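File shown: upload-v1.cif (mmCIF, C-alpha atoms).
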data_upload
#
loop_
_atom_site.label_atom_id
_atom_site.label_comp_id
_atom_site.auth_asym_id
_atom_site.auth_seq_id
_atom_site.Cartn_x
_atom_site.Cartn_y
_atom_site.Cartn_z
CA MET A 1 -34.46 1.66 -25.67
CA GLN A 2 -33.26 1.03 -22.14
CA ARG A 3 -29.54 0.28 -22.08
CA LEU A 4 -28.11 -1.63 -19.13
CA THR A 5 -26.07 0.42 -16.67
CA ARG A 6 -22.50 -0.66 -15.97
CA ASP A 7 -23.65 -2.20 -12.71
CA GLN A 8 -26.39 -4.11 -14.51
CA ILE A 9 -23.87 -5.51 -17.00
CA ALA A 10 -21.66 -6.50 -14.06
CA ALA A 11 -24.58 -8.22 -12.35
CA ARG A 12 -25.36 -10.11 -15.57
CA VAL A 13 -21.74 -11.33 -15.82
CA ALA A 14 -21.81 -12.35 -12.16
CA ARG A 15 -24.81 -14.62 -12.79
CA ASP A 16 -22.65 -16.77 -15.09
CA ILE A 17 -19.86 -17.33 -12.55
CA HIS A 18 -20.31 -20.67 -10.85
CA GLU A 19 -19.61 -21.92 -7.36
CA GLY A 20 -15.95 -22.81 -6.95
CA ALA A 21 -14.78 -20.84 -9.99
CA TYR A 22 -11.29 -19.33 -10.07
CA VAL A 23 -11.80 -15.89 -11.59
CA ASN A 24 -9.68 -12.93 -12.64
CA LEU A 25 -11.44 -9.60 -13.04
CA GLY A 26 -9.51 -7.20 -15.26
CA ILE A 27 -8.77 -3.61 -14.32
CA GLY A 28 -11.57 -1.09 -14.94
CA LEU A 29 -15.16 -2.05 -15.72
CA PRO A 30 -14.75 -5.77 -14.83
CA THR A 31 -13.84 -4.95 -11.21
CA LEU A 32 -17.54 -4.05 -10.74
CA VAL A 33 -18.41 -7.74 -11.12
CA ALA A 34 -16.99 -8.42 -7.65
CA ASN A 35 -19.80 -6.34 -6.11
CA HIS A 36 -22.43 -8.59 -7.67
CA LEU A 37 -21.10 -12.09 -6.98
CA PRO A 38 -23.78 -14.04 -5.10
CA ARG A 39 -22.87 -14.30 -1.43
CA ASP A 40 -24.00 -17.90 -1.26
CA ARG A 41 -21.32 -19.04 -3.73
CA GLU A 42 -17.65 -19.55 -2.86
CA ILE A 43 -15.75 -17.96 -5.73
CA PHE A 44 -11.98 -17.48 -5.75
CA LEU A 45 -10.79 -14.12 -7.07
CA HIS A 46 -7.26 -14.14 -8.47
CA SER A 47 -5.18 -10.97 -8.64
CA GLU A 48 -2.18 -11.35 -10.92
CA ASN A 49 0.19 -9.51 -8.63
CA GLY A 50 0.10 -12.60 -6.42
CA LEU A 51 -3.11 -13.22 -4.52
CA LEU A 52 -5.85 -15.85 -4.53
CA GLY A 53 -8.91 -15.36 -2.37
CA MET A 54 -9.02 -11.61 -2.77
CA GLY A 55 -11.55 -9.90 -0.53
CA PRO A 56 -13.25 -6.51 -0.73
CA ALA A 57 -11.64 -3.12 -0.18
CA PRO A 58 -10.54 -2.55 3.44
CA ALA A 59 -12.28 -0.15 5.79
CA GLN A 60 -10.84 3.35 5.78
CA GLY A 61 -7.70 3.41 7.90
CA GLU A 62 -7.14 -0.34 7.45
CA GLU A 63 -5.30 -0.07 4.11
CA ASP A 64 -2.00 -1.98 3.87
CA PRO A 65 0.44 -0.87 1.13
CA ASP A 66 1.71 -4.48 0.91
CA LEU A 67 -1.78 -5.83 0.17
CA ILE A 68 -2.96 -4.48 -3.18
CA ASN A 69 -4.67 -5.70 -6.34
CA ALA A 70 -3.55 -5.54 -9.95
CA GLY A 71 -4.90 -2.00 -10.18
CA LYS A 72 -2.64 -1.13 -7.19
CA GLN A 73 -5.64 -0.43 -4.98
CA PRO A 74 -5.71 -1.65 -1.37
CA VAL A 75 -7.67 -4.89 -0.91
CA THR A 76 -8.12 -7.60 1.72
CA ILE A 77 -7.53 -11.35 1.72
CA LEU A 78 -10.24 -13.85 2.62
CA THR A 79 -9.66 -16.51 5.25
CA GLY A 80 -8.05 -19.36 3.29
CA GLY A 81 -6.50 -17.05 0.71
CA CYS A 82 -2.80 -17.15 -0.19
CA TYR A 83 0.10 -15.24 -1.71
CA PHE A 84 2.56 -16.33 -4.41
CA HIS A 85 5.22 -14.89 -6.70
CA HIS A 86 4.70 -13.60 -10.22
CA ALA A 87 5.84 -16.66 -12.17
CA ASP A 88 3.39 -18.84 -10.21
CA SER A 89 0.67 -16.26 -10.67
CA PHE A 90 1.02 -16.23 -14.45
CA ALA A 91 1.37 -20.03 -14.52
CA MET A 92 -2.13 -20.07 -13.04
CA MET A 93 -3.26 -18.06 -16.05
CA ARG A 94 -1.19 -19.38 -18.90
CA GLY A 95 -1.53 -22.94 -17.62
CA GLY A 96 -5.30 -22.82 -18.02
CA HIS A 97 -6.10 -23.07 -14.32
CA LEU A 98 -8.40 -20.06 -14.18
CA ASP A 99 -12.02 -20.79 -15.05
CA VAL A 100 -13.07 -17.30 -16.03
CA CYS A 101 -11.40 -14.05 -16.89
CA VAL A 102 -13.47 -10.89 -17.41
CA LEU A 103 -11.86 -8.14 -19.49
CA GLY A 104 -12.74 -4.73 -20.82
CA ALA A 105 -12.24 -4.03 -24.53
CA PHE A 106 -11.90 -1.38 -27.19
CA GLN A 107 -13.02 -3.86 -29.85
CA VAL A 108 -13.90 -7.54 -30.32
CA SER A 109 -13.97 -9.11 -33.78
CA VAL A 110 -16.45 -11.64 -35.19
CA THR A 111 -13.86 -14.36 -34.65
CA GLY A 112 -13.14 -13.37 -31.06
CA ASP A 113 -10.00 -11.31 -31.60
CA LEU A 114 -9.54 -8.86 -28.74
CA ALA A 115 -8.11 -5.32 -28.74
CA ASN A 116 -7.89 -3.79 -25.29
CA TRP A 117 -4.34 -2.70 -24.48
CA HIS A 118 -3.29 0.13 -26.75
CA THR A 119 -4.99 2.73 -28.91
CA GLY A 120 -2.00 2.71 -31.23
CA GLY A 121 -2.02 6.51 -31.25
CA PRO A 122 1.33 8.07 -32.21
CA ASP A 123 1.60 9.93 -28.89
CA ALA A 124 0.37 7.07 -26.71
CA ILE A 125 2.96 5.48 -24.43
CA PRO A 126 2.31 1.74 -24.70
CA ALA A 127 1.64 -0.29 -21.55
CA VAL A 128 0.44 -3.89 -21.68
CA GLY A 129 0.65 -5.32 -18.16
CA GLY A 130 -1.10 -8.68 -17.93
CA ALA A 131 -3.63 -8.02 -20.70
CA MET A 132 -2.14 -10.46 -23.22
CA ASP A 133 -1.67 -13.18 -20.60
CA LEU A 134 -5.25 -12.81 -19.40
CA ALA A 135 -6.60 -12.89 -22.94
CA ILE A 136 -5.21 -16.36 -23.63
CA GLY A 137 -5.07 -17.71 -20.11
CA ALA A 138 -8.52 -18.68 -18.89
CA LYS A 139 -10.88 -21.47 -19.85
CA GLN A 140 -13.55 -18.84 -20.53
CA VAL A 141 -12.69 -15.29 -21.56
CA TYR A 142 -15.58 -12.89 -21.10
CA VAL A 143 -15.53 -9.35 -22.41
CA MET A 144 -17.59 -6.68 -20.74
CA MET A 145 -18.00 -3.41 -22.61
CA GLU A 146 -20.39 -0.84 -23.98
CA HIS A 147 -21.87 -2.02 -27.26
CA GLN A 148 -20.92 1.17 -29.08
CA THR A 149 -18.29 3.88 -28.81
CA LYS A 150 -19.28 7.32 -27.61
CA SER A 151 -19.61 8.36 -31.25
CA GLY A 152 -21.98 5.47 -31.95
CA GLU A 153 -19.72 3.01 -33.75
CA SER A 154 -20.06 -0.67 -32.98
CA LYS A 155 -17.25 -2.06 -30.81
CA ILE A 156 -18.02 -5.47 -32.26
CA VAL A 157 -16.27 -5.39 -35.61
CA GLU A 158 -15.30 -7.47 -38.63
CA ARG A 159 -11.59 -6.89 -37.92
CA CYS A 160 -10.06 -4.97 -35.03
CA SER A 161 -8.50 -1.67 -36.11
CA TYR A 162 -6.74 -1.22 -32.76
CA PRO A 163 -3.60 -3.27 -31.99
CA LEU A 164 -4.52 -6.83 -30.98
CA THR A 165 -4.25 -8.25 -27.48
CA GLY A 166 -5.01 -11.81 -28.54
CA ILE A 167 -6.35 -13.78 -31.48
CA GLY A 168 -9.62 -15.70 -31.32
CA CYS A 169 -9.56 -15.64 -27.54
CA VAL A 170 -12.96 -14.22 -26.55
CA ASN A 171 -15.77 -16.66 -25.71
CA ARG A 172 -18.60 -14.34 -24.68
CA ILE A 173 -19.38 -10.62 -24.93
CA TYR A 174 -21.56 -8.79 -22.41
CA THR A 175 -22.68 -5.31 -23.46
CA ASP A 176 -25.27 -2.78 -22.39
CA LEU A 177 -27.49 -4.21 -25.15
CA ALA A 178 -26.86 -7.95 -25.40
CA VAL A 179 -25.05 -11.11 -24.40
CA ILE A 180 -23.33 -12.64 -27.42
CA ASP A 181 -21.35 -15.88 -27.76
CA VAL A 182 -18.43 -16.18 -30.16
CA THR A 183 -19.00 -19.52 -31.92
CA PRO A 184 -17.40 -21.28 -34.88
CA GLN A 185 -20.54 -20.39 -36.84
CA GLY A 186 -20.29 -16.70 -35.92
CA LEU A 187 -21.63 -14.35 -33.26
CA LYS A 188 -24.70 -15.83 -31.60
CA VAL A 189 -27.02 -13.60 -29.58
CA ILE A 190 -28.04 -15.22 -26.30
CA GLU A 191 -29.99 -12.31 -24.82
CA PHE A 192 -30.82 -8.71 -25.60
CA VAL A 193 -32.45 -5.90 -23.71
CA THR A 194 -36.18 -5.42 -23.64
CA ASP A 195 -37.78 -2.95 -26.05
CA LEU A 196 -35.04 -3.58 -28.57
CA THR A 197 -35.82 -5.77 -31.57
CA PHE A 198 -33.31 -8.22 -32.97
CA ASP A 199 -33.29 -6.22 -36.19
CA GLU A 200 -32.40 -3.04 -34.30
CA LEU A 201 -29.63 -4.89 -32.46
CA GLN A 202 -28.34 -6.16 -35.80
CA ARG A 203 -28.37 -2.63 -37.22
CA LEU A 204 -26.47 -1.20 -34.22
CA THR A 205 -23.87 -3.98 -34.36
CA GLY A 206 -22.85 -3.75 -37.99
CA VAL A 207 -21.56 -7.33 -38.32
CA PRO A 208 -23.81 -10.34 -38.95
CA LEU A 209 -25.44 -11.78 -35.83
CA LEU A 210 -27.03 -15.20 -35.38
CA ARG A 211 -29.97 -15.57 -33.08
CA SER A 212 -29.95 -18.56 -30.77
CA ALA A 213 -33.28 -20.38 -30.60
CA GLU A 214 -33.88 -19.26 -27.05
CA ALA A 215 -32.64 -15.66 -27.46
CA LEU A 216 -35.16 -13.37 -25.87
CA PRO A 217 -35.14 -9.85 -24.67
CA ALA A 218 -33.89 -10.41 -21.14
CA MET B 1 31.05 -19.01 9.27
CA ILE B 2 28.93 -17.86 6.38
CA ASP B 3 27.36 -14.49 6.96
CA LYS B 4 25.65 -12.84 4.00
CA THR B 5 24.44 -9.92 6.01
CA VAL B 6 25.86 -6.55 5.07
CA ARG B 7 25.80 -3.77 7.62
CA SER B 8 25.03 -0.84 5.37
CA LEU B 9 23.01 -0.13 2.23
CA GLU B 10 26.03 1.69 0.88
CA ALA B 11 28.20 -1.43 1.14
CA ALA B 12 25.43 -3.60 -0.30
CA VAL B 13 25.43 -1.76 -3.65
CA ALA B 14 29.06 -0.60 -3.75
CA ASP B 15 30.06 -2.75 -6.75
CA VAL B 16 27.16 -2.01 -9.10
CA PHE B 17 28.99 -0.96 -12.24
CA ASP B 18 28.15 1.38 -15.13
CA GLY B 19 26.14 -0.46 -17.79
CA ALA B 20 24.93 -3.19 -15.41
CA THR B 21 21.57 -4.90 -15.77
CA VAL B 22 19.73 -4.47 -12.48
CA MET B 23 16.44 -6.14 -11.59
CA ILE B 24 14.31 -4.27 -9.09
CA SER B 25 11.46 -6.05 -7.33
CA GLY B 26 8.06 -4.57 -6.73
CA PHE B 27 4.67 -4.07 -8.28
CA GLY B 28 4.09 -0.35 -8.04
CA GLY B 29 5.18 0.49 -4.51
CA ALA B 30 4.52 -2.96 -3.00
CA GLY B 31 7.82 -4.78 -2.67
CA GLN B 32 9.90 -1.96 -4.13
CA PRO B 33 13.24 -1.76 -2.28
CA ALA B 34 13.20 2.02 -1.94
CA GLU B 35 16.19 2.19 0.44
CA LEU B 36 18.41 0.08 -1.84
CA ILE B 37 17.40 2.25 -4.80
CA ASP B 38 18.30 5.39 -2.85
CA ALA B 39 21.68 3.82 -2.06
CA LEU B 40 22.16 3.04 -5.76
CA ILE B 41 21.38 6.65 -6.66
CA ALA B 42 23.97 7.83 -4.12
CA GLN B 43 26.50 5.29 -5.43
CA GLY B 44 26.27 6.83 -8.90
CA ALA B 45 26.30 3.87 -11.34
CA LYS B 46 24.93 4.94 -14.73
CA ASP B 47 23.86 3.59 -18.15
CA LEU B 48 21.88 0.96 -16.30
CA THR B 49 19.37 -1.46 -17.80
CA ILE B 50 16.55 -1.80 -15.30
CA VAL B 51 14.06 -4.68 -15.15
CA ASN B 52 10.87 -3.94 -13.21
CA ASN B 53 7.16 -4.38 -13.77
CA ASN B 54 6.65 -0.63 -13.98
CA ALA B 55 8.71 2.45 -14.70
CA GLY B 56 8.44 4.31 -11.44
CA ASN B 57 5.70 6.10 -9.55
CA GLY B 58 5.78 9.70 -8.37
CA GLU B 59 9.27 11.05 -7.72
CA VAL B 60 10.64 8.40 -5.34
CA GLY B 61 12.32 5.00 -5.61
CA LEU B 62 12.63 3.83 -9.21
CA ALA B 63 11.23 7.16 -10.47
CA ALA B 64 14.03 8.97 -8.62
CA LEU B 65 16.63 6.69 -10.24
CA LEU B 66 15.19 7.56 -13.65
CA LYS B 67 15.08 11.23 -12.78
CA ALA B 68 18.77 11.10 -11.85
CA ARG B 69 19.40 9.96 -15.47
CA ARG B 70 21.07 6.72 -14.49
CA VAL B 71 18.90 4.47 -16.65
CA ARG B 72 19.59 3.93 -20.35
CA ARG B 73 17.02 1.20 -20.91
CA ILE B 74 14.06 -0.24 -19.08
CA ILE B 75 12.44 -3.65 -19.55
CA CYS B 76 8.93 -3.62 -18.10
CA SER B 77 5.27 -4.44 -18.74
CA PHE B 78 3.39 -1.37 -17.58
CA PRO B 79 5.31 1.93 -17.73
CA ARG B 80 2.41 4.31 -18.22
CA GLN B 81 0.50 5.16 -15.05
CA VAL B 82 -1.19 8.22 -13.63
CA ASP B 83 1.97 9.04 -11.66
CA SER B 84 4.68 7.93 -14.13
CA GLN B 85 5.51 11.49 -15.16
CA VAL B 86 9.28 11.01 -14.83
CA PHE B 87 9.33 8.07 -17.24
CA ASP B 88 6.80 9.70 -19.56
CA GLY B 89 9.00 12.80 -19.93
CA LEU B 90 12.19 10.82 -20.61
CA TYR B 91 10.40 8.53 -23.08
CA ARG B 92 8.83 11.37 -25.05
CA ALA B 93 12.21 13.13 -25.16
CA GLY B 94 13.82 9.94 -26.52
CA GLU B 95 16.12 9.75 -23.50
CA ILE B 96 15.24 6.23 -22.39
CA GLU B 97 14.83 2.97 -24.31
CA LEU B 98 11.76 0.88 -23.57
CA GLU B 99 11.39 -2.87 -24.08
CA LEU B 100 7.73 -3.58 -23.42
CA VAL B 101 7.01 -7.19 -22.37
CA PRO B 102 3.67 -8.77 -21.46
CA GLN B 103 3.68 -9.24 -17.70
CA GLY B 104 3.56 -13.02 -17.68
CA ASN B 105 6.29 -13.25 -20.30
CA LEU B 106 8.37 -10.86 -18.21
CA ALA B 107 7.92 -13.08 -15.15
CA GLU B 108 8.65 -16.27 -17.08
CA ARG B 109 11.72 -14.81 -18.81
CA ILE B 110 13.08 -13.90 -15.39
CA ARG B 111 12.18 -17.32 -14.00
CA ALA B 112 13.77 -19.01 -17.03
CA ALA B 113 17.05 -17.18 -16.41
CA GLY B 114 17.14 -18.38 -12.83
CA ALA B 115 16.18 -21.92 -13.83
CA GLY B 116 18.78 -22.30 -16.59
CA ILE B 117 16.24 -22.47 -19.41
CA GLY B 118 17.64 -21.43 -22.80
CA ALA B 119 14.34 -20.15 -24.21
CA PHE B 120 10.69 -21.12 -24.13
CA PHE B 121 7.57 -21.06 -26.28
CA THR B 122 4.70 -19.04 -24.82
CA PRO B 123 1.20 -18.47 -26.20
CA THR B 124 1.09 -14.96 -24.74
CA GLY B 125 1.43 -12.21 -27.31
CA TYR B 126 1.13 -14.43 -30.38
CA GLY B 127 -0.15 -12.44 -33.34
CA THR B 128 0.35 -9.08 -31.62
CA GLN B 129 2.74 -6.15 -32.10
CA LEU B 130 4.78 -7.37 -29.14
CA ALA B 131 5.66 -10.61 -30.95
CA GLU B 132 6.59 -9.02 -34.28
CA GLY B 133 9.79 -10.49 -35.69
CA LYS B 134 9.92 -13.27 -33.12
CA GLU B 135 10.17 -16.96 -33.95
CA THR B 136 6.87 -18.84 -33.69
CA ARG B 137 5.86 -22.47 -33.68
CA VAL B 138 2.59 -24.39 -33.69
CA ILE B 139 2.64 -27.11 -31.04
CA ASP B 140 -0.33 -29.49 -30.82
CA GLY B 141 -2.35 -27.07 -32.90
CA ARG B 142 -1.67 -24.02 -30.77
CA PRO B 143 0.61 -21.15 -31.85
CA TYR B 144 3.46 -20.02 -29.59
CA VAL B 145 6.15 -17.32 -29.56
CA LEU B 146 9.79 -18.00 -28.67
CA GLU B 147 10.98 -15.88 -25.75
CA TYR B 148 14.46 -15.73 -24.23
CA PRO B 149 15.47 -15.42 -20.58
CA ILE B 150 16.41 -12.13 -18.94
CA HIS B 151 19.61 -12.41 -16.90
CA ALA B 152 20.80 -9.70 -14.54
CA ASP B 153 24.05 -8.68 -12.93
CA PHE B 154 22.27 -7.56 -9.78
CA ALA B 155 18.81 -7.86 -8.26
CA LEU B 156 17.61 -5.42 -5.63
CA ILE B 157 14.73 -7.00 -3.76
CA LYS B 158 12.64 -6.30 -0.69
CA ALA B 159 11.76 -9.04 1.76
CA LEU B 160 10.36 -9.07 5.27
CA LYS B 161 12.89 -11.24 7.09
CA GLY B 162 16.19 -12.85 6.22
CA ASP B 163 18.87 -14.85 8.00
CA ARG B 164 22.65 -14.90 7.59
CA TRP B 165 22.43 -17.76 5.06
CA GLY B 166 20.18 -15.62 2.85
CA ASN B 167 16.88 -17.43 3.40
CA LEU B 168 13.99 -15.02 2.89
CA VAL B 169 10.31 -14.61 3.63
CA TYR B 170 8.17 -11.84 2.22
CA ARG B 171 5.09 -9.91 3.22
CA LYS B 172 1.71 -10.29 1.47
CA THR B 173 1.60 -9.12 -2.16
CA ALA B 174 4.99 -7.42 -1.75
CA ARG B 175 6.45 -10.85 -2.67
CA ASN B 176 5.63 -10.41 -6.39
CA PHE B 177 8.93 -10.45 -8.37
CA GLY B 178 11.32 -10.95 -5.43
CA PRO B 179 11.80 -14.74 -5.53
CA ILE B 180 12.29 -15.01 -9.30
CA MET B 181 14.56 -11.97 -9.54
CA ALA B 182 16.75 -13.34 -6.76
CA SER B 183 17.36 -16.47 -8.82
CA ALA B 184 17.96 -14.62 -12.11
CA ALA B 185 20.77 -12.32 -10.92
CA LYS B 186 24.45 -13.07 -10.40
CA CYS B 187 24.23 -11.02 -7.22
CA ALA B 188 20.90 -10.77 -5.41
CA ILE B 189 20.78 -8.12 -2.70
CA ALA B 190 17.82 -8.31 -0.32
CA GLN B 191 16.79 -5.53 2.00
CA VAL B 192 14.87 -6.91 4.96
CA ALA B 193 12.95 -5.34 7.82
CA GLU B 194 14.60 -7.80 10.18
CA VAL B 195 17.62 -10.12 10.18
CA VAL B 196 16.70 -13.16 12.27
CA PRO B 197 18.92 -15.91 13.73
CA LEU B 198 19.40 -19.13 11.78
CA GLY B 199 16.50 -21.43 12.56
CA ALA B 200 14.04 -18.64 13.27
CA LEU B 201 12.53 -19.06 9.81
CA ASP B 202 10.48 -22.25 9.58
CA PRO B 203 12.21 -24.38 6.88
CA GLU B 204 8.75 -25.35 5.60
CA THR B 205 7.87 -21.75 4.88
CA VAL B 206 11.11 -20.26 3.57
CA VAL B 207 10.09 -18.66 0.26
CA THR B 208 13.50 -17.89 -1.24
CA PRO B 209 16.21 -20.40 -0.30
CA GLY B 210 19.50 -18.74 0.58
CA ILE B 211 21.32 -20.25 -2.40
CA PHE B 212 19.69 -17.54 -4.54
CA VAL B 213 20.72 -14.67 -2.28
CA GLN B 214 24.20 -13.15 -1.95
CA ARG B 215 23.61 -10.22 0.39
CA VAL B 216 21.10 -9.39 3.10
CA VAL B 217 20.92 -5.86 4.45
CA PRO B 218 18.68 -4.76 7.32
CA VAL B 219 16.68 -1.60 6.79
CA VAL B 220 15.27 0.34 9.68
CA ALA B 221 11.69 1.26 8.87
CA ALA B 222 11.27 4.98 8.35
CA PRO B 223 9.52 6.76 11.24
CA GLY B 224 5.79 6.66 10.71
CA ALA B 225 5.95 3.66 8.38
CA ARG B 226 3.50 0.89 9.14
CA ALA B 227 4.81 -1.92 11.27
CA ALA B 228 5.61 -4.84 9.00
CA ALA B 229 3.90 -7.63 10.86
#

Take the structure from the file and write it as structure tokens.
Amino acid sequence: MQRLTRDQIAARVARDIHEGAYVNLGIGLPTLVANHLPRDREIFLHSENGLLGMGPAPAQGEEDPDLINAGKQPVTILTGGCYFHHADSFAMMRGGHLDVCVLGAFQVSVTGDLANWHTGGPDAIPAVGGAMDLAIGAKQVYVMMEHQTKSGESKIVERCSYPLTGIGCVNRIYTDLAVIDVTPQGLKVIEFVTDLTFDELQRLTGVPLLRSAEALPA
Amino acid sequence: MIDKTVRSLEAAVADVFDGATVMISGFGGAGQPAELIDALIAQGAKDLTIVNNNAGNGEVGLAALLKARRVRRIICSFPRQVDSQVFDGLYRAGEIELELVPQGNLAERIRAAGAGIGAFFTPTGYGTQLAEGKETRVIDGRPYVLEYPIHADFALIKALKGDRWGNLVYRKTARNFGPIMASAAKCAIAQVAEVVPLGALDPETVVTPGIFVQRVVPVVAAPGARAAA
């Protein structure tokens, strides 16, 4: 079975981001999506530290410590971009103005609960940042993650065992094996990788999956 | 004549008292008023409650204030970072209290303080550990958590330019918490790269109106620092 690489998952997410969309890409895996956005679409990247119209990383030597993204890495601003303070930035999220937010995850439940901020370990120092705001703050919340943990357990679960980031907030899950929608009827498979059967996908996932009429190995 | 400019960093923070709540602007290093923090360390106030997005990076600025053991409690959203070793050590030793707040709730609680809002219902955090024990309400079918404002005695903020009436403009993403912290503190102290004459700031583009700012102190950029243009 050929799993998608992280870049291939990112490219698959990018295909679903439409012209004119206001988009926040979470720290970590989701930042890869920016490299795959089609150049013929105008898409507005939002960075919650106070930037709309975020551009790519600057050339070496052109970094500006006052122009960073939410991961505190140097970035650039596109012509037409703008800056704003934190309350405005989170109003853009919480107020439902963002079209799409792409987040990493430890676990997603069958009802779209998200766990992605804290392992809950006794020695772990908790840090939440904007994770909970992002989880509830976009019209569409996409999760991008490996289908299974390194030890082979499904990250799509009946109930999250890690501390929750948000309840029922995830709309679509992109993994290295499949694209799955969270629907009122349950998890509906939209696509899965070639040379994997639906039954195998079901076995690897561990929670009941529905198959949409058009779901094909993609 | 009203002149909010203060000639020295030392004078700007002279009255910060033990036990004060002090907001400090910045997101990581961007917008962090390092020179005002150094002045606060030299001034010696202790048992402070600090409000910031983070809990210090490396050994400078906010991290240095923590390392000097002046901070009893910190209210922030993202303390743990690759270079937050000072905070991590104090936290593990039980020598600092942490109130962890989702970033947007942190921003809105600060904004609410400055705007005279008594409390507000936010969807962020509902059903999570960070909302445990808090009042909730379902409004139009959606669940919300009641959050209260965060007021401060002082705010230390970094801006690009200011005038003697306290009007401020910022630079790029260094703006972050500056404008809302200025409004939430009884005494907002802004360090600026340049004090400009009244009228030099376009009234259409002033970001923080001077009514929110009590002191403006010019800071000479350290040698080798990038020109703030």

Practice item. Tell me which residues the PyMOL selection byres ((chain A and resi 174) around 9) grabs here, as a ChimeraX atom specification. Key: /A:9-10,12-13,142-147,172-173,175-181

**Study point:** Interatomic distance (Å, one decimal) between CA of Gly44 in chain B and CA of Gly26 in chain B
**Key:** 21.6 Å

Check your understanding: What does the distance between CA of Lys139 in chain A and CA of Leu106 in chain B come to in Å, to one decimal place?
Key -> 22.0 Å

Exercise for review: Measure the distance from CA of Gln85 in chain B to CA of Val51 in chain B in Å and round it to one decimal.
Suggested key: 18.3 Å

When the PyMOL selection byres ((chain A) within 6 of (chain B)) is applied to the structure above, which residues does it catch, written out as a PDB file with C-alpha atoms, keeping the file's coordinate frame?
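Once everything was written out, this is selection07.pdb:
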ATOM      1  CA  ASN A  49       0.190  -9.510  -8.630  1.00  0.00           C
ATOM      2  CA  GLY A  50       0.100 -12.600  -6.420  1.00  0.00           C
ATOM      3  CA  ASP A  66       1.710  -4.480   0.910  1.00  0.00           C
ATOM      4  CA  LEU A  67      -1.780  -5.830   0.170  1.00  0.00           C
ATOM      5  CA  HIS A  85       5.220 -14.890  -6.700  1.00  0.00           C
ATOM      6  CA  HIS A  86       4.700 -13.600 -10.220  1.00  0.00           C
ATOM      7  CA  ALA A  87       5.840 -16.660 -12.170  1.00  0.00           C
ATOM      8  CA  PHE A  90       1.020 -16.230 -14.450  1.00  0.00           C
ATOM      9  CA  ALA A 127       1.640  -0.290 -21.550  1.00  0.00           C
ATOM     10  CA  VAL A 128       0.440  -3.890 -21.680  1.00  0.00           C
ATOM     11  CA  GLY A 129       0.650  -5.320 -18.160  1.00  0.00           C
ATOM     12  CA  GLY A 130      -1.100  -8.680 -17.930  1.00  0.00           C
ATOM     13  CA  MET A 132      -2.140 -10.460 -23.220  1.00  0.00           C
ATOM     14  CA  ASP A 133      -1.670 -13.180 -20.600  1.00  0.00           C
ATOM     15  CA  LEU A 164      -4.520  -6.830 -30.980  1.00  0.00           C
TER      16      LEU A 164
END

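Using all atoms listed in the file, the nearest neighbour of Ala215 in chain A within the list A:Arg203, A:Lys150, A:His18, A:Lys188 is A:Lys188.
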
Point to revise | Explicit residue set for the PyMOL selection byres ((chain B and resi 9) around 12), as a VMD selection string | key: chain B and resid 5 to 8 10 to 15 33 to 43 156 189 to 192 215 to 220

**Study point:** Pick from B:Glu147, B:Asp18, B:Asp3, B:Glu97, whichever lies nearest to Val213 in chain B using all atoms listed in the file
**Key:**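 Comparing B:Glu147, B:Asp18, B:Asp3, B:Glu97 against Val213 in chain B, the winner is B:Asp3.
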